[in-house]
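*Asks:* Below is one structure. I have some questions about it.
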Amino acid sequence: MNHSLLLLLVLFSFSAINAVVYLSNLNATCFRCICEASTGCSAETACRQSYCGPFSISRAYWMDAGQLVLPADDPVRWGAFEDCANDYACATGIVSQYMEKYGTDCNGDGLVDCVDYTMLHVNGGPRCHGGLTGTFATRFYRCLRKQF
(Lines give C-alpha, C1' and ligand atoms only; values in the text may rest on other atoms or scores of the structure.)
Protein backbone atom coordinates (compact mmCIF):
# COMPACT_ATOMS: atom_id res chain seq x y z
CA MET A 1 0.00 0.00 0.00
CA ASN A 2 1.20 3.51 -0.79
CA HIS A 3 2.76 5.19 2.30
CA SER A 4 0.74 8.39 1.77
CA LEU A 5 -2.51 6.44 1.65
CA LEU A 6 -1.55 4.47 4.76
CA LEU A 7 -0.71 7.68 6.65
CA LEU A 8 -4.04 9.19 5.58
CA LEU A 9 -5.93 6.13 6.84
CA VAL A 10 -4.10 6.22 10.18
CA LEU A 11 -4.83 9.94 10.62
CA PHE A 12 -8.50 9.46 9.71
CA SER A 13 -8.81 6.57 12.18
CA PHE A 14 -7.19 8.63 14.94
CA SER A 15 -9.57 11.54 14.24
CA ALA A 16 -12.61 9.27 14.36
CA ILE A 17 -11.46 7.65 17.62
CA ASN A 18 -10.71 11.07 19.10
CA ALA A 19 -14.23 12.29 18.24
CA VAL A 20 -15.78 9.22 19.88
CA VAL A 21 -13.73 9.75 23.06
CA TYR A 22 -14.71 13.42 23.21
CA LEU A 23 -18.40 12.73 22.66
CA SER A 24 -18.45 9.97 25.28
CA ASN A 25 -18.51 12.79 27.85
CA LEU A 26 -21.68 14.15 26.26
CA ASN A 27 -24.04 11.85 28.13
CA ALA A 28 -27.63 11.93 29.41
CA THR A 29 -26.58 13.77 32.59
CA CYS A 30 -24.82 16.45 30.59
CA PHE A 31 -27.81 16.88 28.26
CA ARG A 32 -30.14 17.08 31.26
CA CYS A 33 -28.05 19.78 32.96
CA ILE A 34 -27.71 21.87 29.78
CA CYS A 35 -31.48 21.57 29.38
CA GLU A 36 -32.15 22.46 33.04
CA ALA A 37 -29.93 25.52 32.81
CA SER A 38 -31.39 26.61 29.46
CA THR A 39 -35.11 26.45 30.22
CA GLY A 40 -35.73 24.37 33.33
CA CYS A 41 -36.20 21.52 30.85
CA SER A 42 -39.92 22.08 30.76
CA ALA A 43 -41.91 19.91 28.37
CA GLU A 44 -44.02 23.02 27.77
CA THR A 45 -41.08 25.03 26.42
CA ALA A 46 -41.77 26.31 22.94
CA CYS A 47 -40.20 29.10 20.90
CA ARG A 48 -39.40 32.39 22.62
CA GLN A 49 -38.19 35.19 20.40
CA SER A 50 -35.73 33.37 18.12
CA TYR A 51 -34.88 30.46 20.47
CA CYS A 52 -36.80 27.21 20.57
CA GLY A 53 -37.26 24.17 22.74
CA PRO A 54 -35.87 22.81 25.98
CA PHE A 55 -32.28 23.65 24.96
CA SER A 56 -33.16 27.16 23.74
CA ILE A 57 -31.73 26.56 20.26
CA SER A 58 -31.52 29.30 17.64
CA ARG A 59 -32.11 28.75 13.94
CA ALA A 60 -28.44 29.65 13.25
CA TYR A 61 -27.28 26.97 15.76
CA TRP A 62 -29.58 24.43 14.10
CA MET A 63 -28.27 25.32 10.65
CA ASP A 64 -24.67 25.14 11.87
CA ALA A 65 -25.39 21.70 13.33
CA GLY A 66 -26.63 20.36 9.98
CA GLN A 67 -30.39 21.06 10.03
CA LEU A 68 -31.51 17.88 11.79
CA VAL A 69 -35.28 17.30 11.59
CA LEU A 70 -37.84 14.84 12.90
CA PRO A 71 -38.09 11.52 11.00
CA ALA A 72 -39.73 11.89 7.57
CA ASP A 73 -39.53 15.72 7.78
CA ASP A 74 -37.74 18.01 5.37
CA PRO A 75 -35.36 20.75 6.61
CA VAL A 76 -36.70 23.19 4.00
CA ARG A 77 -40.28 22.85 5.27
CA TRP A 78 -41.38 25.95 7.18
CA GLY A 79 -41.58 24.88 10.82
CA ALA A 80 -39.15 21.93 10.55
CA PHE A 81 -36.59 23.70 12.76
CA GLU A 82 -39.18 24.58 15.39
CA ASP A 83 -40.68 21.08 15.43
CA CYS A 84 -37.27 19.45 15.94
CA ALA A 85 -36.01 22.00 18.49
CA ASN A 86 -39.22 21.62 20.54
CA ASP A 87 -38.88 17.81 20.65
CA TYR A 88 -36.40 16.70 23.37
CA ALA A 89 -34.98 13.74 21.43
CA CYS A 90 -34.60 15.69 18.19
CA ALA A 91 -33.15 18.71 20.03
CA THR A 92 -30.64 16.40 21.72
CA GLY A 93 -29.58 15.33 18.23
CA ILE A 94 -29.08 18.96 17.21
CA VAL A 95 -26.90 19.57 20.27
CA SER A 96 -24.93 16.35 19.62
CA GLN A 97 -24.21 17.31 16.03
CA TYR A 98 -23.14 20.81 17.11
CA MET A 99 -20.80 19.34 19.74
CA GLU A 100 -19.39 16.86 17.24
CA LYS A 101 -18.59 19.74 14.92
CA TYR A 102 -17.05 22.07 17.52
CA GLY A 103 -16.01 19.80 20.43
CA THR A 104 -12.92 21.28 22.02
CA ASP A 105 -11.40 22.08 25.40
CA CYS A 106 -13.04 25.46 25.96
CA ASN A 107 -11.84 26.05 29.52
CA GLY A 108 -8.24 24.92 28.98
CA ASP A 109 -8.21 22.22 31.67
CA GLY A 110 -6.93 19.50 29.32
CA LEU A 111 -10.29 17.67 29.18
CA VAL A 112 -13.29 17.85 26.90
CA ASP A 113 -16.19 17.33 29.27
CA CYS A 114 -19.70 18.51 30.02
CA VAL A 115 -18.51 21.95 31.11
CA ASP A 116 -16.81 22.42 27.72
CA TYR A 117 -19.94 21.25 25.88
CA THR A 118 -22.02 23.66 27.90
CA MET A 119 -19.63 26.52 27.12
CA LEU A 120 -19.94 25.58 23.43
CA HIS A 121 -23.72 25.52 23.71
CA VAL A 122 -23.91 28.95 25.33
CA ASN A 123 -21.07 30.82 23.64
CA GLY A 124 -20.93 29.16 20.25
CA GLY A 125 -18.17 27.08 18.70
CA PRO A 126 -15.82 29.83 17.61
CA ARG A 127 -16.24 31.76 20.89
CA CYS A 128 -16.51 28.91 23.38
CA HIS A 129 -13.82 30.22 25.72
CA GLY A 130 -16.21 32.63 27.45
CA GLY A 131 -17.15 31.45 30.94
CA LEU A 132 -20.58 30.42 32.18
CA THR A 133 -22.22 33.20 34.17
CA GLY A 134 -25.43 34.32 35.81
CA THR A 135 -28.55 32.28 36.34
CA PHE A 136 -27.59 29.83 33.61
CA ALA A 137 -24.30 28.97 35.38
CA THR A 138 -26.03 28.67 38.76
CA ARG A 139 -28.63 26.26 37.38
CA PHE A 140 -26.07 24.24 35.42
CA TYR A 141 -23.63 23.70 38.30
CA ARG A 142 -26.48 22.96 40.75
CA CYS A 143 -27.74 20.28 38.36
CA LEU A 144 -24.28 18.75 37.97
CA ARG A 145 -23.80 18.62 41.75
CA LYS A 146 -27.14 16.81 42.15
CA GLN A 147 -26.21 14.24 39.49
CA PHE A 148 -22.88 13.19 41.00
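Lettering and numbering for the C-alpha coordinates are positional, with chains as A, B, ... in the shown order, residues counted from 1 in each chain, and ligands counted from 1 in the shown order.
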Using DSSP assignments from the backbone, pull out every residue in chain A that falls under strand (DSSP E) and give it to me as a list in words.

*Replies:*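 Output for chain A, strand (DSSP E) only: Tyr51, Cys52, Ile57 and Ser58 of chain A.
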
*Asks:* Set out as a Markdown table a contact list for segment 41-116 of chain A and segment 125-133 of chain A with a cut-off of 7 Å, giving each residue of segment 41-116 of chain A that qualifies its closest atom pair and distance in Å to one decimal, counting only C-alpha atoms, ordered by chain and rising residue number.

*Replies:*
```
| residue | atom | partner | partner_atom | distance |
| --- | --- | --- | --- | --- |
| A:Tyr102 | CA | A:Gly125 | CA | 5.3 |
| A:Cys106 | CA | A:His129 | CA | 4.8 |
| A:Asn107 | CA | A:His129 | CA | 6.0 |
```

*Asks:* Any idea what's packed within 12 Å of segment 62-73 of chain A, counting only C-alpha atoms, ignoring anything in its chain fewer than 4 positions away? Could you give it as an MDAnalysis selection string?

*Replies:* chainID A and resid 50:53 55:58 77:103 121 124:126

*Asks:* Between A:Asn25, A:Val122, A:Asp109, A:Asp74, which has the minimum distance to Ala137 of chain A (counting only C-alpha atoms)?

*Replies:*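 Closest candidate: A:Val122.
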
*Asks:* Which residues of segment 109-139 of chain A come within 8 Å of segment 35-42 of chain A, and what is each one's closest atom pair and distance in Å (one decimal), counting only C-alpha atoms, sorted by chain and residue number, as a tab-separated table?

*Replies:*
```
residue	atom	partner	partner_atom	distance
A:Thr135	CA	A:Ala37	CA	7.7
A:Phe136	CA	A:Ala37	CA	5.0
A:Ala137	CA	A:Ala37	CA	7.1
A:Thr138	CA	A:Ala37	CA	7.8
A:Arg139	CA	A:Ala37	CA	4.8
```

*Asks:* Using atom CA of Pro75 of chain A and atom CA of Glu44 of chain A as the two end points, give the distance in Å to one decimal.

*Replies:*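 It comes out at 23.0 Å.
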